[in-house]
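As provided, final34.txt (compact mmCIF, C-alpha atoms and all ligand atoms) reads as follows.
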```
# COMPACT_ATOMS: atom_id res chain seq x y z
CA MET V 1 77.72 -56.58 94.40
CA ALA V 2 74.17 -56.36 93.09
CA GLN V 3 73.70 -54.91 89.61
CA VAL V 4 74.44 -51.18 89.52
CA ARG V 5 71.34 -48.97 89.35
CA HIS V 6 71.38 -46.16 86.79
CA PHE V 7 68.98 -43.33 85.90
CA LEU V 8 69.03 -43.04 82.12
CA THR V 9 65.27 -42.71 81.75
CA LEU V 10 62.39 -42.54 84.25
CA GLN V 11 61.74 -46.21 83.50
CA ASP V 12 64.93 -47.15 85.40
CA LEU V 13 63.02 -46.58 88.66
CA SER V 14 59.71 -48.18 89.56
CA PRO V 15 56.70 -45.90 90.13
CA ALA V 16 57.03 -46.55 93.87
CA GLU V 17 60.75 -45.69 93.83
CA LEU V 18 60.02 -42.48 91.91
CA GLN V 19 57.39 -41.50 94.47
CA ALA V 20 59.86 -42.18 97.28
CA VAL V 21 62.50 -40.00 95.60
CA LEU V 22 59.97 -37.16 95.19
CA ALA V 23 58.85 -37.40 98.80
CA ARG V 24 62.46 -37.35 99.91
CA ALA V 25 63.16 -34.38 97.60
CA SER V 26 60.45 -32.31 99.31
CA GLU V 27 61.75 -33.40 102.71
CA MET V 28 65.35 -32.52 101.82
CA LYS V 29 64.14 -29.14 100.58
CA GLN V 30 62.67 -28.38 104.01
CA GLU V 31 65.82 -29.66 105.74
CA HIS V 32 67.97 -27.47 103.52
CA ARG V 33 65.81 -24.42 104.20
CA ALA V 34 66.01 -25.10 107.93
CA GLY V 35 69.81 -25.08 107.66
CA ARG V 36 70.16 -28.75 108.61
CA ASP V 37 73.48 -30.51 107.99
CA GLN V 38 72.94 -32.90 105.05
CA ARG V 39 76.50 -34.16 104.69
CA GLN V 40 75.70 -37.85 104.65
CA PHE V 41 78.19 -38.85 101.93
CA PRO V 42 81.53 -37.39 103.08
CA GLY V 43 84.23 -37.91 100.49
CA ALA V 44 81.82 -39.03 97.77
CA VAL V 45 82.81 -37.82 94.30
CA LEU V 46 80.44 -36.99 91.45
CA ALA V 47 81.93 -36.79 87.94
CA MET V 48 79.91 -34.37 85.78
CA ILE V 49 80.54 -34.93 82.08
CA PHE V 50 79.13 -32.12 79.92
CA ALA V 51 79.19 -32.16 76.11
CA LYS V 52 76.48 -29.43 76.00
CA SER V 53 75.96 -26.14 77.85
CA SER V 54 74.10 -25.88 81.15
CA THR V 55 73.20 -23.52 83.94
CA ARG V 56 70.65 -25.37 86.09
CA THR V 57 72.01 -28.87 85.69
CA ARG V 58 75.58 -27.98 86.49
CA VAL V 59 74.78 -25.69 89.41
CA SER V 60 72.20 -28.04 90.94
CA PHE V 61 74.39 -31.15 90.74
CA GLU V 62 77.53 -29.38 91.92
CA ALA V 63 75.80 -27.55 94.79
CA GLY V 64 73.80 -30.68 95.62
CA MET V 65 76.84 -32.91 95.94
CA ALA V 66 78.62 -30.30 98.08
CA GLN V 67 75.56 -30.13 100.36
CA LEU V 68 75.64 -33.94 100.67
CA GLY V 69 79.23 -33.68 101.90
CA GLY V 70 80.93 -34.80 98.71
CA HIS V 71 82.77 -33.23 95.81
CA ALA V 72 81.71 -32.62 92.22
CA MET V 73 84.14 -32.61 89.31
CA PHE V 74 83.16 -30.68 86.15
CA LEU V 75 84.50 -32.28 82.97
CA SER V 76 83.96 -30.57 79.60
CA PRO V 77 85.04 -32.20 76.33
CA ASN V 78 88.13 -29.96 76.41
CA ASP V 79 89.17 -31.45 79.75
CA THR V 80 88.99 -35.15 78.97
CA GLN V 81 90.22 -37.57 76.35
CA LEU V 82 86.55 -38.21 75.53
CA GLY V 83 86.78 -34.97 73.57
CA ARG V 84 89.72 -36.43 71.61
CA GLY V 85 87.99 -39.67 70.76
CA GLU V 86 88.86 -42.06 73.61
CA PRO V 87 86.13 -44.70 73.48
CA VAL V 88 83.15 -44.13 75.78
CA GLU V 89 83.53 -47.71 77.07
CA ASP V 90 87.18 -47.22 78.11
CA SER V 91 86.40 -43.85 79.67
CA ALA V 92 83.52 -45.40 81.64
CA ARG V 93 85.73 -48.17 83.05
CA VAL V 94 88.41 -45.71 84.16
CA ILE V 95 86.26 -42.82 85.45
CA SER V 96 83.92 -45.15 87.36
CA SER V 97 86.89 -46.81 89.05
CA MET V 98 87.75 -43.47 90.67
CA VAL V 99 84.42 -41.82 91.54
CA ASP V 100 81.17 -42.82 93.28
CA ILE V 101 78.59 -41.56 90.79
CA VAL V 102 78.58 -40.06 87.29
CA MET V 103 76.32 -37.54 85.58
CA ILE V 104 76.40 -37.11 81.79
CA ARG V 105 74.90 -34.48 79.47
CA THR V 106 75.54 -35.32 75.84
CA PHE V 107 74.07 -35.72 72.37
CA GLY V 108 73.22 -39.34 71.43
CA HIS V 109 71.31 -41.33 74.03
CA ASP V 110 73.42 -44.35 73.07
CA ILE V 111 76.43 -42.60 74.66
CA VAL V 112 74.90 -42.69 78.17
CA GLU V 113 73.75 -46.28 77.57
CA ARG V 114 77.25 -47.38 76.52
CA PHE V 115 78.83 -45.49 79.42
CA ALA V 116 76.41 -47.08 81.91
CA ALA V 117 77.01 -50.56 80.49
CA HIS V 118 80.71 -50.23 81.34
CA SER V 119 80.41 -48.26 84.58
CA SER V 120 80.88 -49.77 88.04
CA VAL V 121 78.98 -46.85 89.63
CA PRO V 122 75.54 -45.29 89.00
CA VAL V 123 75.17 -43.13 85.90
CA ILE V 124 72.60 -40.31 85.68
CA ASN V 125 71.33 -38.96 82.36
CA ALA V 126 71.52 -35.18 82.67
CA LEU V 127 70.01 -34.69 79.17
CA THR V 128 70.52 -36.42 75.87
CA ASP V 129 68.96 -35.70 72.48
CA ASP V 130 66.21 -38.16 73.47
CA PHE V 131 65.44 -37.71 77.17
CA HIS V 132 65.82 -35.35 80.16
CA PRO V 133 64.58 -37.42 83.12
CA CYS V 134 66.12 -35.23 85.87
CA GLN V 135 63.94 -32.34 84.73
CA LEU V 136 60.88 -34.56 85.06
CA LEU V 137 61.73 -35.29 88.69
CA ALA V 138 61.74 -31.54 89.36
CA ASP V 139 58.56 -30.98 87.34
CA MET V 140 56.68 -33.78 89.12
CA GLN V 141 57.91 -32.56 92.51
CA THR V 142 56.71 -29.05 91.66
CA TYR V 143 53.28 -30.24 90.54
CA GLN V 144 52.87 -32.34 93.69
CA GLU V 145 53.94 -29.51 95.96
CA HIS V 146 51.44 -27.10 94.43
CA ARG V 147 48.51 -29.33 93.45
CA GLY V 148 48.97 -32.79 95.03
CA SER V 149 49.12 -36.05 93.08
CA ILE V 150 49.30 -35.81 89.29
CA ALA V 151 47.75 -39.28 88.91
CA GLY V 152 44.62 -39.15 86.75
CA LYS V 153 45.33 -35.57 85.59
CA THR V 154 45.73 -34.32 82.02
CA VAL V 155 48.99 -32.73 80.91
CA CYS V 156 49.37 -30.81 77.65
CA TRP V 157 52.74 -30.57 75.96
CA VAL V 158 53.00 -27.55 73.63
CA GLY V 159 55.83 -27.40 71.10
CA ASP V 160 58.59 -29.64 69.82
CA GLY V 161 58.41 -33.42 70.24
CA ASN V 162 61.89 -33.24 71.75
CA ASN V 163 63.82 -34.77 74.67
CA MET V 164 61.55 -33.07 77.22
CA CYS V 165 58.39 -34.13 75.40
CA GLN V 166 59.67 -37.70 75.25
CA SER V 167 60.41 -37.69 78.97
CA TYR V 168 56.84 -36.46 79.52
CA ILE V 169 55.63 -39.52 77.56
CA ASN V 170 57.65 -41.71 79.92
CA ALA V 171 56.32 -39.75 82.89
CA ALA V 172 52.71 -40.25 81.77
CA GLU V 173 53.24 -44.00 82.22
CA ARG V 174 55.26 -43.80 85.46
CA PHE V 175 53.10 -41.15 87.16
CA ASP V 176 49.75 -42.28 85.75
CA PHE V 177 48.53 -39.21 83.85
CA GLN V 178 47.24 -38.56 80.33
CA LEU V 179 49.43 -36.54 77.94
CA ARG V 180 48.18 -34.56 74.92
CA ILE V 181 50.92 -33.35 72.62
CA ALA V 182 50.40 -30.23 70.49
CA CYS V 183 53.25 -30.03 67.98
CA PRO V 184 53.52 -28.91 64.37
CA PRO V 185 53.22 -31.76 61.85
CA GLY V 186 56.69 -33.14 61.23
CA TYR V 187 57.90 -32.40 64.77
CA GLU V 188 56.26 -35.33 66.55
CA PRO V 189 58.10 -37.36 69.19
CA ASP V 190 59.53 -40.78 68.32
CA ALA V 191 56.82 -42.95 66.76
CA ALA V 192 57.92 -46.14 68.54
CA LEU V 193 57.87 -44.43 71.94
CA LEU V 194 54.41 -43.03 71.22
CA ALA V 195 53.17 -46.45 70.11
CA GLN V 196 54.59 -48.03 73.28
CA HIS V 197 52.60 -45.58 75.42
CA ALA V 198 49.57 -45.16 73.15
CA ASP V 199 47.22 -45.58 76.12
CA ARG V 200 48.84 -42.58 77.84
CA ALA V 201 50.06 -40.15 75.19
CA VAL V 202 48.35 -38.82 72.09
CA VAL V 203 49.36 -36.26 69.45
CA VAL V 204 46.59 -33.70 68.94
CA HIS V 205 48.50 -31.02 66.93
CA ALA V 206 46.00 -28.15 67.51
CA PRO V 207 47.14 -26.29 70.67
CA HIS V 208 43.68 -25.17 71.82
CA GLU V 209 42.26 -28.65 71.42
CA ALA V 210 45.19 -30.21 73.28
CA ALA V 211 45.09 -27.64 76.09
CA ALA V 212 41.32 -27.78 76.69
CA GLY V 213 40.70 -28.61 80.35
CA ALA V 214 44.35 -29.60 80.95
CA ASP V 215 45.74 -29.46 84.50
CA LEU V 216 49.27 -28.64 83.40
CA LEU V 217 50.68 -26.94 80.27
CA VAL V 218 54.35 -27.54 79.52
CA THR V 219 56.58 -26.10 76.85
CA ASP V 220 60.25 -25.86 75.90
CA VAL V 221 62.42 -24.11 73.33
CA TRP V 222 61.58 -24.58 69.66
CA ALA V 223 65.20 -25.39 68.74
CA SER V 224 67.14 -27.53 71.20
CA MET V 225 70.90 -27.60 71.72
CA GLY V 226 72.43 -28.94 68.53
CA GLN V 227 69.58 -27.57 66.36
CA GLU V 228 70.72 -23.95 66.28
CA ASP V 229 70.89 -24.03 62.45
CA GLU V 230 67.15 -24.79 62.32
CA GLN V 231 66.08 -21.88 64.53
CA ARG V 232 64.72 -19.69 61.72
CA GLU V 233 62.78 -22.49 60.00
CA ARG V 234 61.41 -23.72 63.32
CA ALA V 235 60.33 -20.22 64.41
CA ALA V 236 58.05 -20.10 61.36
CA GLN V 237 56.60 -23.58 61.93
CA PHE V 238 56.13 -23.15 65.70
CA ALA V 239 54.61 -19.65 65.75
CA PRO V 240 51.09 -20.92 66.68
CA TYR V 241 52.55 -23.03 69.54
CA GLN V 242 53.02 -20.48 72.30
CA VAL V 243 51.99 -20.92 75.91
CA ASN V 244 50.32 -17.61 76.72
CA ARG V 245 47.37 -16.19 78.64
CA GLU V 246 44.96 -17.07 75.85
CA LEU V 247 45.97 -20.73 75.77
CA LEU V 248 45.98 -20.94 79.56
CA ALA V 249 42.39 -19.66 79.52
CA VAL V 250 41.16 -22.88 77.86
CA ALA V 251 42.95 -25.10 80.41
CA ALA V 252 41.49 -26.08 83.80
CA PRO V 253 40.83 -23.08 86.09
CA ASP V 254 43.69 -24.07 88.46
CA ALA V 255 46.07 -25.21 85.71
CA LEU V 256 49.80 -24.74 86.19
CA TYR V 257 52.28 -24.10 83.39
CA MET V 258 55.93 -25.10 83.35
CA HIS V 259 59.10 -24.56 81.34
CA CYS V 260 62.39 -26.35 82.01
CA LEU V 261 64.33 -23.19 81.00
CA PRO V 262 66.22 -21.55 79.41
CA ALA V 263 63.18 -19.75 77.92
CA HIS V 264 62.73 -17.46 74.95
CA ARG V 265 60.11 -14.88 75.92
CA GLY V 266 57.82 -14.14 72.99
CA GLU V 267 58.55 -17.48 71.30
CA GLU V 268 57.41 -20.67 73.07
CA ILE V 269 56.11 -18.71 76.09
CA SER V 270 54.82 -15.16 76.48
CA ALA V 271 56.79 -12.68 78.56
CA GLU V 272 53.62 -12.10 80.57
CA LEU V 273 53.46 -15.71 81.77
CA MET V 274 57.22 -15.95 82.35
CA ASP V 275 57.10 -12.87 84.56
CA ALA V 276 53.76 -13.54 86.26
CA PRO V 277 54.10 -13.24 90.06
CA ASP V 278 52.33 -16.56 90.62
CA THR V 279 54.30 -18.67 88.15
CA VAL V 280 55.81 -21.91 89.51
CA ILE V 281 58.63 -21.87 86.94
CA TRP V 282 61.21 -20.67 89.47
CA ASP V 283 60.16 -23.35 91.96
CA GLU V 284 60.49 -25.85 89.13
CA ALA V 285 64.07 -24.69 88.50
CA GLU V 286 64.98 -24.74 92.20
CA ASN V 287 63.54 -28.21 92.59
CA ARG V 288 66.26 -29.54 90.29
CA LEU V 289 68.55 -29.18 93.31
CA HIS V 290 66.32 -31.01 95.76
CA ALA V 291 65.14 -33.72 93.35
CA GLN V 292 68.67 -34.57 92.25
CA LYS V 293 69.97 -34.67 95.82
CA ALA V 294 67.23 -37.20 96.56
CA LEU V 295 68.13 -39.10 93.38
CA MET V 296 71.84 -39.19 94.25
CA GLU V 297 70.98 -40.36 97.77
CA PHE V 298 68.82 -43.14 96.32
CA LEU V 299 71.48 -44.30 93.84
CA LEU V 300 74.42 -44.03 96.27
CA LYS V 301 72.55 -46.03 98.91
CA ALA V 302 71.45 -48.63 96.33
CA ASN V 303 75.10 -49.05 95.27
CA ARG V 304 76.56 -49.49 98.76
N1 LIG E 401 66.58 -27.15 82.33
C1 LIG E 401 67.89 -27.38 82.21
O1 LIG E 401 68.34 -28.54 82.14
O2 LIG E 401 68.66 -26.27 82.19
P1 LIG E 401 70.21 -26.17 81.85
O3 LIG E 401 70.37 -26.46 80.38
O4 LIG E 401 70.60 -24.78 82.23
O5 LIG E 401 70.96 -27.20 82.67
N1 LIG E 402 65.12 -29.30 74.76
C1 LIG E 402 66.15 -28.46 75.33
C2 LIG E 402 66.17 -28.60 76.82
C3 LIG E 402 67.18 -27.73 77.52
C4 LIG E 402 67.22 -27.95 79.00
C5 LIG E 402 67.49 -28.84 74.74
O1 LIG E 402 67.75 -30.03 74.58
O2 LIG E 402 68.27 -27.93 74.42
```
Go ahead and render the structure in this file as structure tokens.
Amino acid sequence: MAQVRHFLTLQDLSPAELQAVLARASEMKQEHRAGRDQRQFPGAVLAMIFAKSSTRTRVSFEAGMAQLGGHAMFLSPNDTQLGRGEPVEDSARVISSMVDIVMIRTFGHDIVERFAAHSSVPVINALTDDFHPCQLLADMQTYQEHRGSIAGKTVCWVGDGNNMCQSYINAAERFDFQLRIACPPGYEPDAALLAQHADRAVVVHAPHEAAAGADLLVTDVWASMGQEDEQRERAAQFAPYQVNRELLAVAAPDALYMHCLPAHRGEEISAELMDAPDTVIWDEAENRLHAQKALMEFLLKANR
């Protein structure tokens, strides 16, 4: 069998493959809305390993696999020996011998890398401390559906240089856009990743400068899962980094704004923008379902 394809970062798929997945995601969305039968993988089993909380990721993967005709198995640390210290490598060998595809949400990015290295089936990164590539599929699908190609556009990241920000750096390279990052000093994304994509991504710090003329503003929580103890300190540092009507006013006239959710109204995004009737944030959340169905289809077919 050819080498197993995984999706640990956006860089695991070529730009052309990513475009094909997005096109298929939009197509599958229309099929789903038309009530078409999408059960093309009867009996397929998706193992969903969650070491962190989730609403969108769990519901979209579980519903998505059911719609594709398969079954999804939710595994929390309490349910598996992973939670009691069984090595990731041993768990990967065993779990992948019984299922067709695996999705993992965890802390260290090395955990998904080690799992994938010992897995005989495709592994999808459903968020690590470093990257959240599935969310980028949904975000890019949403931008394309509302505004067309993102190639050549300017995206402004507002907030923490976290897993989402780092996936936006990867996306800037894969989808051919420029990224300006407005974050408080000390909360920059990984320096090596920035250096690797220096032609695409730049830290600007000042939100109004970074957002000027941007086609898309994106933000995320100030304290990610695992950083709950830092919430108070971060709230003080991040106060000037809110996506609100005033910041949107300096962006391009047809700029969109996104948030992967869950959101904290009044912190990283104003309640007014969250609840605006024309926001695309709910489309962005729904597109997790369609984008990941297209991704699972791609990986399952590649692994046949
Ligand atoms: N955006 C996102 O991944 O949401 P959940 O944490 O609810 O899965
Ligand atoms: N940066 C956030 C994203 C949640 C979907 C976190 O890691 O908690």
Within 10 Å of stretch 273-282 of chain V using all atoms listed in the file, minus same-chain residues under 3 positions, as a ChimeraX atom specification: /V:139,142-143,146,243-245,248,256-261,263-266,269-270,285-287
8 Å shell around ligand LIG 401 (chain E) using all atoms listed in the file, listed as JSON, numbers by chain: {"V": [53, 54, 55, 56, 57, 58, 59, 126, 127, 132, 134, 135, 259, 260, 261, 262, 285]}
Kindly export the residues of the current selection with C-alpha atoms, as a PDB file, keeping the file's coordinate frame.
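Wrote part-v2.pdb, looks like this:
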```pdb
ATOM      1  CA  SER V  53      75.960 -26.140  77.850  1.00  0.00           C
ATOM      2  CA  SER V  54      74.100 -25.880  81.150  1.00  0.00           C
ATOM      3  CA  THR V  55      73.200 -23.520  83.940  1.00  0.00           C
ATOM      4  CA  ARG V  56      70.650 -25.370  86.090  1.00  0.00           C
ATOM      5  CA  THR V  57      72.010 -28.870  85.690  1.00  0.00           C
ATOM      6  CA  ARG V  58      75.580 -27.980  86.490  1.00  0.00           C
ATOM      7  CA  VAL V  59      74.780 -25.690  89.410  1.00  0.00           C
ATOM      8  CA  ALA V 126      71.520 -35.180  82.670  1.00  0.00           C
ATOM      9  CA  LEU V 127      70.010 -34.690  79.170  1.00  0.00           C
ATOM     10  CA  HIS V 132      65.820 -35.350  80.160  1.00  0.00           C
ATOM     11  CA  CYS V 134      66.120 -35.230  85.870  1.00  0.00           C
ATOM     12  CA  GLN V 135      63.940 -32.340  84.730  1.00  0.00           C
ATOM     13  CA  HIS V 259      59.100 -24.560  81.340  1.00  0.00           C
ATOM     14  CA  CYS V 260      62.390 -26.350  82.010  1.00  0.00           C
ATOM     15  CA  LEU V 261      64.330 -23.190  81.000  1.00  0.00           C
ATOM     16  CA  PRO V 262      66.220 -21.550  79.410  1.00  0.00           C
ATOM     17  CA  ALA V 285      64.070 -24.690  88.500  1.00  0.00           C
TER      18      ALA V 285
END
```
6 Å shell around ligand LIG 402 (chain E) using only C-alpha atoms and all ligand atoms, listed as an NGL selection string: :V and (162-164 or 224-225 or 260-261)
8 Å contact set for V:Ser120, only C-alpha atoms, chain neighbours under 5 positions out, as a PyMOL selection string: chain V and resi 4+93+96-97
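Environment of (76.2, -46.5, 76.5): residues at most 12 Å away, judged by only C-alpha atoms, are V:His6, V:Leu8, V:Pro87, V:Val88, V:Glu89, V:Asp90, V:Ser91, V:Ala92, V:Arg93, V:Ile104, V:Thr106, V:Phe107, V:Gly108, V:His109, V:Asp110, V:Ile111, V:Val112, V:Glu113, V:Arg114, V:Phe115, V:Ala116, V:Ala117, V:His118, V:Ser119, V:Val123, V:Ile124, V:Asn125, V:Thr128.
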Those same residues - C-alpha atoms - I'd like them written as an mmCIF file, in the coordinates of the input.
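Saved the output as part25.cif:
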```
data_model
loop_
_atom_site.group_PDB
_atom_site.id
_atom_site.type_symbol
_atom_site.label_atom_id
_atom_site.label_comp_id
_atom_site.auth_asym_id
_atom_site.auth_seq_id
_atom_site.Cartn_x
_atom_site.Cartn_y
_atom_site.Cartn_z
ATOM 1 C CA HIS V 6 71.380 -46.160 86.790
ATOM 2 C CA LEU V 8 69.030 -43.040 82.120
ATOM 3 C CA PRO V 87 86.130 -44.700 73.480
ATOM 4 C CA VAL V 88 83.150 -44.130 75.780
ATOM 5 C CA GLU V 89 83.530 -47.710 77.070
ATOM 6 C CA ASP V 90 87.180 -47.220 78.110
ATOM 7 C CA SER V 91 86.400 -43.850 79.670
ATOM 8 C CA ALA V 92 83.520 -45.400 81.640
ATOM 9 C CA ARG V 93 85.730 -48.170 83.050
ATOM 10 C CA ILE V 104 76.400 -37.110 81.790
ATOM 11 C CA THR V 106 75.540 -35.320 75.840
ATOM 12 C CA PHE V 107 74.070 -35.720 72.370
ATOM 13 C CA GLY V 108 73.220 -39.340 71.430
ATOM 14 C CA HIS V 109 71.310 -41.330 74.030
ATOM 15 C CA ASP V 110 73.420 -44.350 73.070
ATOM 16 C CA ILE V 111 76.430 -42.600 74.660
ATOM 17 C CA VAL V 112 74.900 -42.690 78.170
ATOM 18 C CA GLU V 113 73.750 -46.280 77.570
ATOM 19 C CA ARG V 114 77.250 -47.380 76.520
ATOM 20 C CA PHE V 115 78.830 -45.490 79.420
ATOM 21 C CA ALA V 116 76.410 -47.080 81.910
ATOM 22 C CA ALA V 117 77.010 -50.560 80.490
ATOM 23 C CA HIS V 118 80.710 -50.230 81.340
ATOM 24 C CA SER V 119 80.410 -48.260 84.580
ATOM 25 C CA VAL V 123 75.170 -43.130 85.900
ATOM 26 C CA ILE V 124 72.600 -40.310 85.680
ATOM 27 C CA ASN V 125 71.330 -38.960 82.360
ATOM 28 C CA THR V 128 70.520 -36.420 75.870
#
```
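Put simply, atom CA of V:Arg200 is 8.6 Å away from atom CA of V:Arg180.
The protein and nucleic acid residues lying at most 9 Å from V:Met28 are Ala23, Arg24, Ala25, Ser26, Gln30, Glu31, His32, Arg33, Gln38, His290, Ala291, Lys293 and Ala294 of chain V, with only C-alpha atoms considered and sequence neighbours fewer than 2 positions away removed.
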Non-local contacts of V:His197 (12 Å; only C-alpha atoms; under 4 positions in same chain excluded) as a PyMOL selection string: chain V and resi 166-174+176-180+189-193+201-203
Nearest-residue call for V:Phe131, choices V:Phe7, V:Trp157, V:Trp222, V:Phe61, using only C-alpha atoms: V:Phe7
Listed atoms of stretch 117-123 of chain V, axis-aligned box, 6 Å per side: centre and edge lengths to one decimal in Å, as lines of an AutoDock Vina configuration file?
```
center_x = 78.0
center_y = -46.8
center_z = 85.1
size_x = 17.7
size_y = 19.4
size_z = 21.1
```
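Interatomic distance, atom CA of V:Gln40 to atom CA of V:Leu299: 13.3 Å.
Across the model, the gap from atom CA of V:Met48 to atom CA of V:Phe74 is 4.9 Å.
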Exercise: V:Ile181 partners within 9 Å, all atoms listed in the file, chain neighbours under 3 positions left out, as an MDAnalysis selection string: chainID V and resid 155:161 165 188:189 201:207 210:211
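These residues, each with an atom at most 6 Å from (55.6, -16.2, 70.3) using only C-alpha atoms, are Ala239, Gln242, Gly266, Glu267 and Glu268 of chain V.
The smallest atom-to-atom distance between V:Gly43 and any of V:Leu13, V:Ile101, V:Val21, V:Ala151, using all atoms listed in the file, is found for V:Ile101.
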